[in-house]
$ cat final20.cif   # mmCIF, C-alpha atoms and all ligand atoms
data_entry
loop_
_atom_site.label_atom_id
_atom_site.label_comp_id
_atom_site.auth_asym_id
_atom_site.auth_seq_id
_atom_site.Cartn_x
_atom_site.Cartn_y
_atom_site.Cartn_z
CA MET A 1 -14.83 41.82 18.21
CA ALA A 2 -15.62 40.34 21.61
CA GLY A 3 -19.00 38.68 21.69
CA ASN A 4 -19.33 38.48 17.92
CA PRO A 5 -20.44 34.88 17.29
CA ASP A 6 -18.99 35.02 13.75
CA PHE A 7 -15.52 35.88 14.98
CA ASP A 8 -13.18 32.99 14.46
CA LEU A 9 -11.44 32.54 17.79
CA PHE A 10 -8.81 30.39 16.11
CA GLN A 11 -9.34 27.40 18.27
CA LEU A 12 -10.60 23.90 17.77
CA ALA A 13 -14.27 23.20 18.39
CA ASP A 14 -15.26 21.41 21.60
CA GLU A 15 -16.15 18.39 19.44
CA HIS A 16 -12.58 18.28 18.15
CA ASN A 17 -11.17 18.29 21.67
CA GLU A 18 -13.63 15.60 22.75
CA LEU A 19 -12.71 13.56 19.69
CA ARG A 20 -9.01 13.87 20.58
CA ALA A 21 -9.64 12.68 24.12
CA ALA A 22 -11.61 9.67 22.86
CA ILE A 23 -9.12 8.60 20.19
CA ARG A 24 -6.15 9.17 22.53
CA ALA A 25 -7.67 6.91 25.17
CA LEU A 26 -8.32 4.22 22.58
CA CYS A 27 -4.79 4.48 21.19
CA GLU A 28 -3.13 4.27 24.60
CA LYS A 29 -5.15 1.20 25.54
CA GLU A 30 -5.52 -0.75 22.31
CA ILE A 31 -2.81 0.36 19.86
CA ALA A 32 0.29 1.51 21.78
CA PRO A 33 0.89 -1.87 23.50
CA HIS A 34 1.36 -3.56 20.10
CA ALA A 35 3.38 -0.88 18.28
CA ALA A 36 6.85 -2.29 19.02
CA ASP A 37 5.81 -5.83 18.12
CA VAL A 38 4.18 -4.69 14.87
CA ASP A 39 7.43 -2.95 13.92
CA GLU A 40 9.74 -5.74 15.10
CA ASN A 41 7.80 -8.45 13.26
CA GLU A 42 6.85 -6.31 10.26
CA ARG A 43 3.26 -7.44 10.66
CA PHE A 44 -0.03 -5.73 9.86
CA PRO A 45 -1.49 -4.08 13.00
CA THR A 46 -4.59 -6.26 13.25
CA GLU A 47 -5.26 -5.12 16.84
CA ALA A 48 -5.31 -1.50 15.67
CA LEU A 49 -7.60 -2.30 12.75
CA ALA A 50 -10.02 -4.09 15.09
CA ALA A 51 -9.95 -1.29 17.68
CA LEU A 52 -10.35 1.47 15.10
CA THR A 53 -13.17 -0.35 13.32
CA THR A 54 -15.08 -1.21 16.49
CA SER A 55 -15.07 2.41 17.54
CA GLY A 56 -15.71 3.85 14.07
CA PHE A 57 -12.28 5.48 13.62
CA ASN A 58 -11.10 3.37 10.67
CA ALA A 59 -12.43 5.65 7.92
CA VAL A 60 -13.85 8.71 9.67
CA HIS A 61 -13.84 10.84 6.52
CA VAL A 62 -16.63 8.83 4.81
CA PRO A 63 -19.70 11.10 4.49
CA GLU A 64 -22.80 10.30 6.52
CA GLU A 65 -24.88 9.71 3.37
CA TYR A 66 -22.65 6.69 2.71
CA ASP A 67 -23.06 5.39 6.25
CA GLY A 68 -19.85 7.04 7.47
CA GLN A 69 -18.97 9.30 10.39
CA GLY A 70 -18.77 12.35 8.12
CA ALA A 71 -15.82 13.72 10.09
CA ASP A 72 -14.51 17.03 8.78
CA SER A 73 -10.95 17.30 7.48
CA VAL A 74 -9.57 18.71 10.75
CA ALA A 75 -11.23 15.91 12.74
CA THR A 76 -9.76 13.36 10.33
CA CYS A 77 -6.31 14.89 10.90
CA ILE A 78 -6.78 14.68 14.67
CA VAL A 79 -7.60 10.96 14.42
CA ILE A 80 -4.56 10.28 12.22
CA GLU A 81 -2.32 12.39 14.46
CA GLU A 82 -3.37 10.60 17.63
CA VAL A 83 -2.91 7.13 16.13
CA ALA A 84 0.50 8.17 14.73
CA ARG A 85 1.53 9.41 18.18
CA VAL A 86 1.62 5.78 19.32
CA CYS A 87 1.99 3.80 16.06
CA ALA A 88 2.69 5.35 12.65
CA SER A 89 1.95 2.09 10.83
CA SER A 90 -1.55 1.99 12.34
CA SER A 91 -2.22 5.62 11.44
CA LEU A 92 -2.05 4.58 7.80
CA ILE A 93 -5.38 2.78 8.25
CA PRO A 94 -7.49 5.98 8.51
CA ALA A 95 -5.04 7.98 6.36
CA VAL A 96 -4.89 5.63 3.38
CA ASN A 97 -8.61 4.90 3.54
CA LYS A 98 -9.02 8.61 2.87
CA LEU A 99 -6.30 8.70 0.20
CA GLY A 100 -7.82 5.68 -1.56
CA THR A 101 -11.30 7.18 -1.75
CA MET A 102 -10.79 10.95 -1.95
CA GLY A 103 -10.79 10.94 -5.77
CA LEU A 104 -14.05 9.01 -5.71
CA ILE A 105 -15.56 11.42 -3.18
CA LEU A 106 -14.45 14.45 -5.21
CA SER A 107 -15.27 13.25 -8.72
CA GLY A 108 -17.08 9.89 -8.73
CA SER A 109 -20.71 9.13 -9.50
CA ASP A 110 -23.18 8.57 -6.71
CA GLU A 111 -23.63 4.95 -7.85
CA LEU A 112 -19.91 4.27 -7.58
CA LYS A 113 -19.75 5.93 -4.17
CA GLN A 114 -22.62 3.66 -3.08
CA GLN A 115 -20.65 0.62 -4.28
CA VAL A 116 -17.50 1.53 -2.36
CA LEU A 117 -17.93 3.89 0.57
CA PRO A 118 -20.35 2.00 2.86
CA SER A 119 -17.99 -0.99 2.85
CA LEU A 120 -15.19 1.28 4.07
CA ALA A 121 -17.36 2.86 6.73
CA SER A 122 -18.35 -0.55 8.10
CA GLY A 123 -14.73 -1.72 8.16
CA GLU A 124 -15.46 -4.55 5.75
CA ALA A 125 -13.07 -2.98 3.22
CA MET A 126 -10.03 -0.71 3.03
CA ALA A 127 -8.87 1.41 0.09
CA SER A 128 -5.49 2.32 -1.44
CA TYR A 129 -4.24 4.80 -4.02
CA ALA A 130 -2.24 3.67 -7.05
CA LEU A 131 -0.53 6.52 -8.92
CA SER A 132 3.23 5.80 -8.84
CA GLU A 133 5.13 3.45 -11.10
CA ARG A 134 8.76 2.32 -11.06
CA GLU A 135 9.66 4.90 -13.71
CA ALA A 136 6.98 7.47 -12.85
CA GLY A 137 7.31 8.66 -9.24
CA SER A 138 7.70 12.42 -8.93
CA ASP A 139 6.88 12.68 -12.64
CA ALA A 140 3.54 10.99 -12.14
CA ALA A 141 2.17 11.99 -15.56
CA ALA A 142 4.84 9.79 -17.20
CA MET A 143 2.93 6.66 -16.15
CA ARG A 144 2.75 3.74 -18.60
CA THR A 145 -0.17 1.72 -17.24
CA ARG A 146 -2.84 1.70 -19.93
CA ALA A 147 -6.62 1.26 -19.90
CA LYS A 148 -8.55 0.44 -23.09
CA GLU A 149 -12.28 0.21 -23.64
CA ASP A 150 -13.60 -3.27 -24.41
CA GLY A 151 -17.36 -3.22 -24.90
CA ASP A 152 -18.76 -1.83 -21.66
CA ASP A 153 -15.60 -2.67 -19.72
CA TRP A 154 -12.09 -1.29 -19.37
CA ILE A 155 -9.03 -3.51 -19.69
CA ILE A 156 -6.02 -2.32 -17.65
CA ASN A 157 -2.43 -3.41 -18.30
CA GLY A 158 0.70 -2.34 -16.45
CA SER A 159 1.96 -2.09 -12.90
CA LYS A 160 1.97 0.30 -9.96
CA CYS A 161 4.42 0.45 -7.10
CA TRP A 162 4.84 1.77 -3.53
CA ILE A 163 1.18 1.04 -2.84
CA THR A 164 0.54 1.59 0.86
CA ASN A 165 -1.65 -1.14 2.34
CA GLY A 166 -1.37 -3.00 -0.97
CA GLY A 167 -2.78 -6.48 -0.47
CA GLN A 168 -4.75 -5.40 2.62
CA SER A 169 -7.12 -3.17 0.70
CA THR A 170 -10.19 -4.28 -1.19
CA TRP A 171 -10.48 -1.16 -3.35
CA TYR A 172 -7.75 0.63 -5.31
CA THR A 173 -7.99 4.02 -7.04
CA VAL A 174 -5.86 3.36 -10.10
CA MET A 175 -4.69 6.00 -12.56
CA ALA A 176 -4.04 4.78 -16.13
CA VAL A 177 -3.46 6.26 -19.57
CA THR A 178 -6.58 6.07 -21.74
CA ASP A 179 -5.32 8.34 -24.54
CA ALA A 180 -1.54 8.40 -24.99
CA ASP A 181 -1.68 11.42 -27.33
CA LEU A 182 -3.11 13.75 -24.71
CA GLY A 183 -0.39 13.73 -22.03
CA SER A 184 -1.77 14.27 -18.55
CA SER A 185 -5.20 14.99 -20.08
CA GLY A 186 -5.24 11.41 -21.39
CA ILE A 187 -5.12 9.84 -17.92
CA SER A 188 -8.24 8.39 -16.25
CA ALA A 189 -8.98 7.11 -12.76
CA PHE A 190 -10.68 3.80 -11.95
CA MET A 191 -11.88 1.97 -8.85
CA VAL A 192 -10.38 -1.51 -9.06
CA HIS A 193 -11.56 -4.30 -6.75
CA LYS A 194 -9.13 -6.89 -5.43
CA ASP A 195 -11.21 -9.68 -7.00
CA ASP A 196 -11.22 -8.15 -10.47
CA GLU A 197 -9.92 -10.59 -13.09
CA GLY A 198 -6.23 -9.91 -13.86
CA PHE A 199 -5.49 -7.96 -10.65
CA VAL A 200 -2.39 -9.28 -8.87
CA VAL A 201 -0.63 -8.08 -5.71
CA GLY A 202 3.17 -8.36 -5.88
CA PRO A 203 5.73 -8.81 -3.11
CA LYS A 204 6.04 -6.47 -0.13
CA GLU A 205 8.89 -3.95 0.03
CA LYS A 206 11.45 -4.34 2.84
CA LYS A 207 11.40 -0.92 4.45
CA LEU A 208 13.23 1.29 6.96
CA GLY A 209 10.03 2.21 8.81
CA ILE A 210 6.22 1.98 8.84
CA LYS A 211 6.95 -1.73 8.84
CA GLY A 212 3.43 -2.69 9.92
CA SER A 213 1.89 -1.22 6.81
CA PRO A 214 2.50 -3.37 3.74
CA THR A 215 3.87 -1.53 0.71
CA ALA A 216 3.37 -3.61 -2.41
CA GLU A 217 3.57 -3.58 -6.15
CA LEU A 218 0.35 -4.16 -8.13
CA TYR A 219 0.15 -5.86 -11.51
CA PHE A 220 -2.68 -5.50 -14.01
CA GLU A 221 -2.69 -8.37 -16.47
CA ASN A 222 -5.61 -7.69 -18.81
CA CYS A 223 -7.44 -6.61 -15.70
CA ARG A 224 -11.12 -6.26 -16.54
CA VAL A 225 -12.99 -3.45 -14.80
CA PRO A 226 -16.70 -2.73 -15.38
CA GLY A 227 -17.40 0.52 -17.25
CA ASP A 228 -19.21 2.12 -14.32
CA ARG A 229 -16.02 2.02 -12.22
CA ILE A 230 -14.36 4.92 -13.99
CA ILE A 231 -14.12 7.96 -11.70
CA GLY A 232 -15.55 10.95 -13.57
CA GLU A 233 -15.01 11.40 -17.30
CA PRO A 234 -12.16 9.82 -19.27
CA GLY A 235 -9.14 12.14 -19.26
CA THR A 236 -9.87 13.71 -15.87
CA GLY A 237 -7.87 11.17 -13.84
CA PHE A 238 -4.65 13.15 -13.42
CA LYS A 239 -6.47 16.21 -12.13
CA THR A 240 -8.48 13.98 -9.80
CA ALA A 241 -5.21 12.44 -8.59
CA LEU A 242 -3.66 15.86 -7.88
CA GLN A 243 -6.84 17.20 -6.26
CA THR A 244 -6.82 14.12 -4.05
CA LEU A 245 -3.28 14.98 -2.92
CA ASP A 246 -4.36 18.57 -2.19
CA HIS A 247 -6.80 17.06 0.32
CA THR A 248 -4.57 14.34 1.71
CA ARG A 249 -1.12 15.91 2.00
CA PRO A 250 -2.31 17.62 5.20
CA THR A 251 -3.14 14.16 6.55
CA ILE A 252 0.51 13.18 6.07
CA GLY A 253 1.34 16.40 7.90
CA ALA A 254 -0.97 15.18 10.67
CA GLN A 255 0.81 11.83 10.74
CA ALA A 256 4.15 13.65 11.01
CA VAL A 257 2.84 15.83 13.86
CA GLY A 258 1.63 12.73 15.69
CA ILE A 259 4.95 10.90 15.31
CA ALA A 260 6.82 14.00 16.52
CA GLN A 261 4.46 14.41 19.50
CA GLY A 262 5.04 10.79 20.48
CA ALA A 263 8.81 11.35 20.37
CA LEU A 264 8.61 14.62 22.32
CA ASP A 265 6.41 13.03 25.01
CA ALA A 266 8.84 10.13 25.35
CA ALA A 267 11.84 12.50 25.50
CA VAL A 268 10.26 14.75 28.16
CA ALA A 269 9.52 11.75 30.36
CA TYR A 270 13.00 10.31 29.87
CA VAL A 271 15.02 13.47 30.64
CA LYS A 272 13.04 14.02 33.86
CA ASP A 273 13.89 10.51 34.96
CA ARG A 274 17.46 10.10 33.72
CA LYS A 275 20.15 11.33 36.15
CA GLN A 276 23.70 12.37 35.26
CA PHE A 277 26.20 14.51 37.22
CA GLY A 278 23.89 14.08 40.22
CA SER A 279 20.83 15.72 38.62
CA ALA A 280 17.98 14.93 36.28
CA VAL A 281 19.15 15.54 32.72
CA SER A 282 16.15 17.90 32.35
CA SER A 283 17.82 20.37 34.72
CA PHE A 284 20.51 21.20 32.15
CA GLN A 285 19.80 24.25 30.05
CA GLY A 286 21.19 22.64 26.88
CA VAL A 287 18.57 19.91 27.20
CA GLN A 288 15.83 22.41 28.03
CA PHE A 289 16.61 24.46 24.93
CA MET A 290 16.41 21.35 22.77
CA LEU A 291 13.00 20.47 24.23
CA ALA A 292 11.76 24.03 23.76
CA ASP A 293 12.81 24.07 20.11
CA MET A 294 11.18 20.69 19.49
CA ALA A 295 7.88 21.76 21.04
CA MET A 296 7.94 25.15 19.31
CA LYS A 297 8.40 23.68 15.84
CA LEU A 298 5.83 21.00 16.54
CA GLU A 299 3.22 23.58 17.53
CA ALA A 300 3.82 25.55 14.31
CA ALA A 301 3.51 22.36 12.24
CA ARG A 302 0.27 21.39 13.98
CA LEU A 303 -1.29 24.78 13.33
CA MET A 304 -0.33 24.70 9.66
CA VAL A 305 -1.75 21.20 9.24
CA TYR A 306 -5.10 22.14 10.82
CA HIS A 307 -5.19 25.34 8.80
CA ALA A 308 -4.58 23.44 5.53
CA ALA A 309 -7.22 20.87 6.48
CA ALA A 310 -9.74 23.58 7.37
CA ARG A 311 -9.19 25.32 4.04
CA ALA A 312 -9.72 22.02 2.20
CA GLU A 313 -12.87 21.45 4.26
CA ARG A 314 -14.22 24.86 3.30
CA GLY A 315 -13.87 23.82 -0.35
CA GLU A 316 -11.34 26.51 -1.18
CA HIS A 317 -9.60 26.28 -4.53
CA ASN A 318 -5.86 26.71 -4.99
CA LEU A 319 -5.00 24.42 -2.11
CA GLY A 320 -1.66 23.51 -3.71
CA PHE A 321 0.51 25.88 -1.70
CA ILE A 322 -0.94 25.30 1.76
CA SER A 323 -1.39 21.58 1.29
CA SER A 324 2.23 21.11 0.18
CA ALA A 325 3.53 23.55 2.80
CA SER A 326 1.77 21.74 5.63
CA LYS A 327 3.03 18.31 4.56
CA CYS A 328 6.55 19.54 3.88
CA PHE A 329 6.94 21.61 7.04
CA ALA A 330 5.39 19.03 9.35
CA SER A 331 7.44 16.17 7.95
CA ASP A 332 10.70 18.12 8.16
CA VAL A 333 9.79 18.98 11.76
CA ALA A 334 9.01 15.33 12.50
CA MET A 335 12.43 14.28 11.20
CA GLU A 336 14.17 16.92 13.33
CA VAL A 337 12.13 16.26 16.46
CA THR A 338 12.48 12.48 16.34
CA THR A 339 16.24 12.77 15.66
CA ASP A 340 16.60 15.12 18.65
CA ALA A 341 14.52 12.73 20.76
CA VAL A 342 16.96 9.93 19.99
CA GLN A 343 19.78 12.31 20.95
CA LEU A 344 18.13 13.15 24.28
CA PHE A 345 17.87 9.46 25.11
CA GLY A 346 21.61 9.06 24.42
CA GLY A 347 22.75 5.47 23.86
CA ALA A 348 19.39 4.16 25.04
CA GLY A 349 17.68 6.05 22.22
CA TYR A 350 19.65 4.07 19.68
CA THR A 351 18.28 0.76 20.97
CA ARG A 352 14.96 -0.89 20.29
CA ASP A 353 14.24 -0.88 24.05
CA PHE A 354 12.69 2.57 23.60
CA PRO A 355 10.25 3.77 20.95
CA VAL A 356 12.15 6.83 19.70
CA GLU A 357 14.35 4.99 17.18
CA ARG A 358 11.19 3.54 15.61
CA MET A 359 9.65 6.99 15.52
CA MET A 360 12.77 8.38 13.81
CA ARG A 361 12.60 5.63 11.16
CA ASP A 362 8.85 6.12 10.73
CA ALA A 363 9.20 9.91 10.43
CA LYS A 364 11.49 9.58 7.41
CA ILE A 365 8.77 8.35 5.09
CA THR A 366 6.64 11.45 5.72
CA GLN A 367 9.31 13.47 3.87
CA ILE A 368 9.00 11.12 0.91
CA TYR A 369 5.50 9.81 0.27
CA GLU A 370 2.53 11.66 -1.19
CA GLY A 371 5.25 13.56 -3.04
CA THR A 372 8.83 14.11 -1.90
CA ASN A 373 9.48 17.34 -0.05
CA GLN A 374 11.36 18.50 -3.15
CA ILE A 375 8.10 18.12 -5.13
CA GLN A 376 6.23 19.98 -2.37
CA ARG A 377 8.70 22.87 -2.74
CA LEU A 378 8.19 22.76 -6.50
CA VAL A 379 4.40 22.98 -6.04
CA MET A 380 4.84 25.89 -3.58
CA ALA A 381 7.25 27.74 -5.87
CA ARG A 382 4.95 27.29 -8.89
CA SER A 383 2.11 28.74 -6.86
CA LEU A 384 4.24 31.77 -5.87
CA LEU A 385 5.50 32.42 -9.39
CA ARG A 386 2.28 31.79 -11.30
N1 LIG B 401 -5.47 20.08 -8.87
C1 LIG B 401 -6.07 19.92 -10.08
N2 LIG B 401 -5.39 20.02 -11.24
C2 LIG B 401 -4.09 20.30 -11.17
C3 LIG B 401 -3.40 20.48 -9.95
C4 LIG B 401 -4.16 20.36 -8.76
N3 LIG B 401 -3.59 20.50 -7.57
N4 LIG B 401 -2.12 20.73 -10.19
C5 LIG B 401 -1.97 20.73 -11.53
N5 LIG B 401 -3.17 20.46 -12.10
C6 LIG B 401 -3.47 20.36 -13.54
C7 LIG B 401 -2.74 21.42 -14.35
O1 LIG B 401 -3.50 22.60 -14.42
C8 LIG B 401 -2.60 20.74 -15.67
O2 LIG B 401 -3.83 20.83 -16.37
P1 LIG B 401 -3.88 21.45 -17.89
O3 LIG B 401 -2.96 20.56 -18.67
O4 LIG B 401 -5.32 21.32 -18.24
O5 LIG B 401 -3.38 22.85 -17.74
C9 LIG B 401 -2.42 19.28 -15.34
O6 LIG B 401 -2.98 19.11 -14.02
C10 LIG B 401 -0.99 18.84 -15.30
O7 LIG B 401 -0.31 19.72 -14.40
P2 LIG B 401 1.23 20.03 -14.52
O8 LIG B 401 1.56 20.40 -15.94
O9 LIG B 401 1.59 20.99 -13.45
O10 LIG B 401 1.82 18.59 -14.25
P3 LIG B 401 3.30 18.09 -14.14
O11 LIG B 401 3.45 16.87 -14.96
O12 LIG B 401 4.26 19.22 -14.32
O13 LIG B 401 3.39 17.54 -12.62
C11 LIG B 401 3.56 17.60 -10.25
C12 LIG B 401 2.94 18.18 -11.53
C13 LIG B 401 5.06 17.42 -10.33
C14 LIG B 401 3.22 18.60 -9.17
C15 LIG B 401 2.87 16.23 -9.96
O14 LIG B 401 3.25 15.27 -10.92
C16 LIG B 401 3.16 15.71 -8.60
O15 LIG B 401 2.53 16.13 -7.62
N6 LIG B 401 4.10 14.73 -8.49
C17 LIG B 401 4.30 14.00 -7.29
C18 LIG B 401 3.39 12.84 -7.30
C19 LIG B 401 3.18 12.30 -5.94
O16 LIG B 401 2.87 13.01 -5.01
N7 LIG B 401 3.33 10.99 -5.84
C20 LIG B 401 3.11 10.32 -4.64
C21 LIG B 401 1.98 9.37 -4.84
S1 LIG B 401 1.17 8.95 -3.36
S2 LIG B 401 2.47 7.89 -2.38
#

$ encode --input "final20.cif" --output "structure tokens" --more "lines below"
Ligand code: COS
Amino acid sequence: MAGNPDFDLFQLADEHNELRAAIRALCEKEIAPHAADVDENERFPTEALAALTTSGFNAVHVPEEYDGQGADSVATCIVIEEVARVCASSSLIPAVNKLGTMGLILSGSDELKQQVLPSLASGEAMASYALSEREAGSDAAAMRTRAKEDGDDWIINGSKCWITNGGQSTWYTVMAVTDADLGSSGISAFMVHKDDEGFVVGPKEKKLGIKGSPTAELYFENCRVPGDRIIGEPGTGFKTALQTLDHTRPTIGAQAVGIAQGALDAAVAYVKDRKQFGSAVSSFQGVQFMLADMAMKLEAARLMVYHAAARAERGEHNLGFISSASKCFASDVAMEVTTDAVQLFGGAGYTRDFPVERMMRDAKITQIYEGTNQIQRLVMARSLLR
């Protein structure tokens, strides 16, 4: 095999490593210094948005033909991972911009892409994804929000909840029932603009973590949307929504990997510095074994995330298993690693003087959003038993 240029050496491209170095430097300088304040004051990370936008990292997934960076799925994961390593809330800027436009990229018309994507690439706009409702979370197809044709327009009525970056975004991919007799085949997807008549952003949730990223309810009160803003054909919206998640669950895996890496880095530095019984805590084998386990699991999670992203990038079908596995595994690892990091810090880890308690709170959501890890296991099991 040696010397065969087609042989996959199972390593990232030089461009990926260069990208990581660039985004890491930016994050350390521009984003990390504000992470604690963003969390403490539950405020949107405006410094991160400005830094990411200025350097073109705010929506790296947007294809070049729509004025974007055209970053591949692995590169997008690396950007999200590196931002999450210092501030999980800020990593939702590139992540949710992808989530909010992936359905459009996969199934929308060129005209609609032209309306939306360049504004994301330039940083003028952000996008969110609106699938869940109060009574339709894991069972997404049970949604009640309705869209009816009215002349050339669509009129949407209902509400959506748990909308990440709700109120910050300009564009929302909204799934609504257009034919109640057809079950999930009667659901359609629309691009809704924040200035559309009848579109209202509700109050922000009070959350355990990712406090810098607003999570809001959305209300549609006879919300009028022009006919050309439907994504694909009527009735294809649920499949578009699930295909979107096939592409974006690995990005949540990437976020989880980043949070866990941030916690591991902090823990390694702390145990080398902290002295007990006359020695650095890092000299104790019990501590060393904990660190080794954390790093080992993290490395496995990272590889699975990149592998899932690469398969999505290659346009493979049947992404359900690997996409769910990568998100589920990485988020479970992030919860374990951040919890162990708090443990390694001892009492100090339980205070807000160090970042690991924030990372532990932020990690929790990665086991829940874009489908709970129970739903990920359901998707994996269905794929095995099909
Ligand atoms: N891509 C494209 N189509 C898919 C698909 C996928 N990954 N998975 C399923 N489908 C299709 C099915 O083939 C089916 O089509 P037909 O009716 O033509 O056969 C249709 O979509 C409905 O699929 P299914 O019957 O499996 O749907 P269920 O209602 O059983 O729900 C789950 C499927 C539970 C997997 C889905 O609702 C889900 O992922 N829930 C979690 C939602 C979520 O992640 N919410 C978080 C929102 S972002 S914070």

$ residues_around --input "final20.cif" --residues "Ala263 of chain A" --least-positions-apart "5" --cutoff "12 Å" --atoms "all atoms listed in the file" --output "ChimeraX atom specification"
/A:84-88,256-258,268-270,291,294-295,298,333-345,349,354-363

$ residues_around --input "final20.cif" --residues "segment 226-239 of chain A" --least-positions-apart "5" --cutoff "7 Å" --atoms "only C-alpha atoms" --output "MDAnalysis selection string"
chainID A and resid 104 107:109 112 152:154 175 184:191

$ residues_near_ligand --input "final20.cif" --ligand "ligand LIG 401 (chain B)" --cutoff "9 Å" --atoms "all atoms listed in the file" --output "PyMOL selection string"
chain A and resi 99+129-132+136-142+162-164+183-185+236+238-246+249+317-321+368-372+375-376+378-379+382

$ atom_distance --input "final20.cif" --atom1 "atom CA of Glu313 of chain A" --atom2 "atom CA of Ser91 of chain A"
20.4 Å

$ atom_distance --input "final20.cif" --atom1 "atom CA of His193 of chain A" --atom2 "atom CA of Cys161 of chain A"
16.7 Å

$ closest_residue --input "final20.cif" --among "A:Ala32, A:Ala59, A:Leu9, A:Ile210" --to "Thr101 of chain A" --atoms "only C-alpha atoms"
A:Ala59

$ residues_around --input "final20.cif" --residues "Arg314 of chain A" --least-positions-apart "4" --cutoff "12 Å" --atoms "only C-alpha atoms" --output "ChimeraX atom specification"
/A:72-74,247,307-310,318-319

$ write_last_selection --input "final20.cif" --atoms "C-alpha atoms" --output "PDB file, in the frame of the given file"
ATOM      1  CA  ASP A  72     -14.510  17.030   8.780  1.00  0.00           C
ATOM      2  CA  SER A  73     -10.950  17.300   7.480  1.00  0.00           C
ATOM      3  CA  VAL A  74      -9.570  18.710  10.750  1.00  0.00           C
ATOM      4  CA  HIS A 247      -6.800  17.060   0.320  1.00  0.00           C
ATOM      5  CA  HIS A 307      -5.190  25.340   8.800  1.00  0.00           C
ATOM      6  CA  ALA A 308      -4.580  23.440   5.530  1.00  0.00           C
ATOM      7  CA  ALA A 309      -7.220  20.870   6.480  1.00  0.00           C
ATOM      8  CA  ALA A 310      -9.740  23.580   7.370  1.00  0.00           C
ATOM      9  CA  ASN A 318      -5.860  26.710  -4.990  1.00  0.00           C
ATOM     10  CA  LEU A 319      -5.000  24.420  -2.110  1.00  0.00           C
TER      11      LEU A 319
END

$ closest_residue --input "final20.cif" --among "A:Ser331, A:Gln114, A:Ser119, A:Ser90" --to "Pro45 of chain A" --atoms "all atoms listed in the file"
A:Ser90

$ residues_near_point --input "final20.cif" --point "(-5.3, -5.8, -12.3)" --cutoff "7 Å" --atoms "all atoms listed in the file" --output "PyMOL selection string"
chain A and resi 156+196-200+219-223

$ closest_residue --input "final20.cif" --among "A:Leu92, A:Leu384, A:Leu218, A:Leu303" --to "Phe10 of chain A" --atoms "only C-alpha atoms"
A:Leu303

$ atom_distance --input "final20.cif" --atom1 "atom CA of Lys204 of chain A" --atom2 "atom CA of Asp353 of chain A"
26.1 Å

$ closest_residue --input "final20.cif" --among "A:Ser323, A:Gly166, A:Ala180, A:Val38" --to "Glu205 of chain A" --atoms "all atoms listed in the file"
A:Gly166

$ closest_residue --input "final20.cif" --among "A:Cys77, A:Ala22, A:Val116, A:Val271" --to "Gly346 of chain A" --atoms "all atoms listed in the file"
A:Val271

$ residues_around --input "final20.cif" --residues "segment 29-31 of chain A" --least-positions-apart "3" --cutoff "9 Å" --atoms "all atoms listed in the file" --output "ChimeraX atom specification"
/A:24-26,34-35,45,47-49,51-52,83,86-87,90

$ write_last_selection --input "final20.cif" --atoms "C-alpha atoms" --output "PDB file, in the coordinates of the input"
ATOM      1  CA  ARG A  24      -6.150   9.170  22.530  1.00  0.00           C
ATOM      2  CA  ALA A  25      -7.670   6.910  25.170  1.00  0.00           C
ATOM      3  CA  LEU A  26      -8.320   4.220  22.580  1.00  0.00           C
ATOM      4  CA  HIS A  34       1.360  -3.560  20.100  1.00  0.00           C
ATOM      5  CA  ALA A  35       3.380  -0.880  18.280  1.00  0.00           C
ATOM      6  CA  PRO A  45      -1.490  -4.080  13.000  1.00  0.00           C
ATOM      7  CA  GLU A  47      -5.260  -5.120  16.840  1.00  0.00           C
ATOM      8  CA  ALA A  48      -5.310  -1.500  15.670  1.00  0.00           C
ATOM      9  CA  LEU A  49      -7.600  -2.300  12.750  1.00  0.00           C
ATOM     10  CA  ALA A  51      -9.950  -1.290  17.680  1.00  0.00           C
ATOM     11  CA  LEU A  52     -10.350   1.470  15.100  1.00  0.00           C
ATOM     12  CA  VAL A  83      -2.910   7.130  16.130  1.00  0.00           C
ATOM     13  CA  VAL A  86       1.620   5.780  19.320  1.00  0.00           C
ATOM     14  CA  CYS A  87       1.990   3.800  16.060  1.00  0.00           C
ATOM     15  CA  SER A  90      -1.550   1.990  12.340  1.00  0.00           C
TER      16      SER A  90
END

$ closest_residue --input "final20.cif" --among "A:Gln168, A:Glu149, A:Ala325, A:Asp265" --to "Gly212 of chain A" --atoms "all atoms listed in the file"
A:Gln168

$ axis_aligned_box --input "final20.cif" --around "segment 29-41 of chain A" --padding-each-side "3 Å" --output "JSON"
{"center_x": 2.1, "center_y": -3.5, "center_z": 19.4, "size_x": 21.3, "size_y": 16.0, "size_z": 18.3}

$ residues_around --input "final20.cif" --residues "Val305 of chain A" --least-positions-apart "4" --cutoff "8 Å" --atoms "all atoms listed in the file" --output "ChimeraX atom specification"
/A:77,250-251,253-254,301,309,323,326-327,330

$ write_last_selection --input "final20.cif" --atoms "C-alpha atoms" --output "tab-separated table (two decimals), in the coordinates of the input"
chain	number	residue	atom	x	y	z
A	77	CYS	CA	-6.31	14.89	10.90
A	250	PRO	CA	-2.31	17.62	5.20
A	251	THR	CA	-3.14	14.16	6.55
A	253	GLY	CA	1.34	16.40	7.90
A	254	ALA	CA	-0.97	15.18	10.67
A	301	ALA	CA	3.51	22.36	12.24
A	309	ALA	CA	-7.22	20.87	6.48
A	323	SER	CA	-1.39	21.58	1.29
A	326	SER	CA	1.77	21.74	5.63
A	327	LYS	CA	3.03	18.31	4.56
A	330	ALA	CA	5.39	19.03	9.35
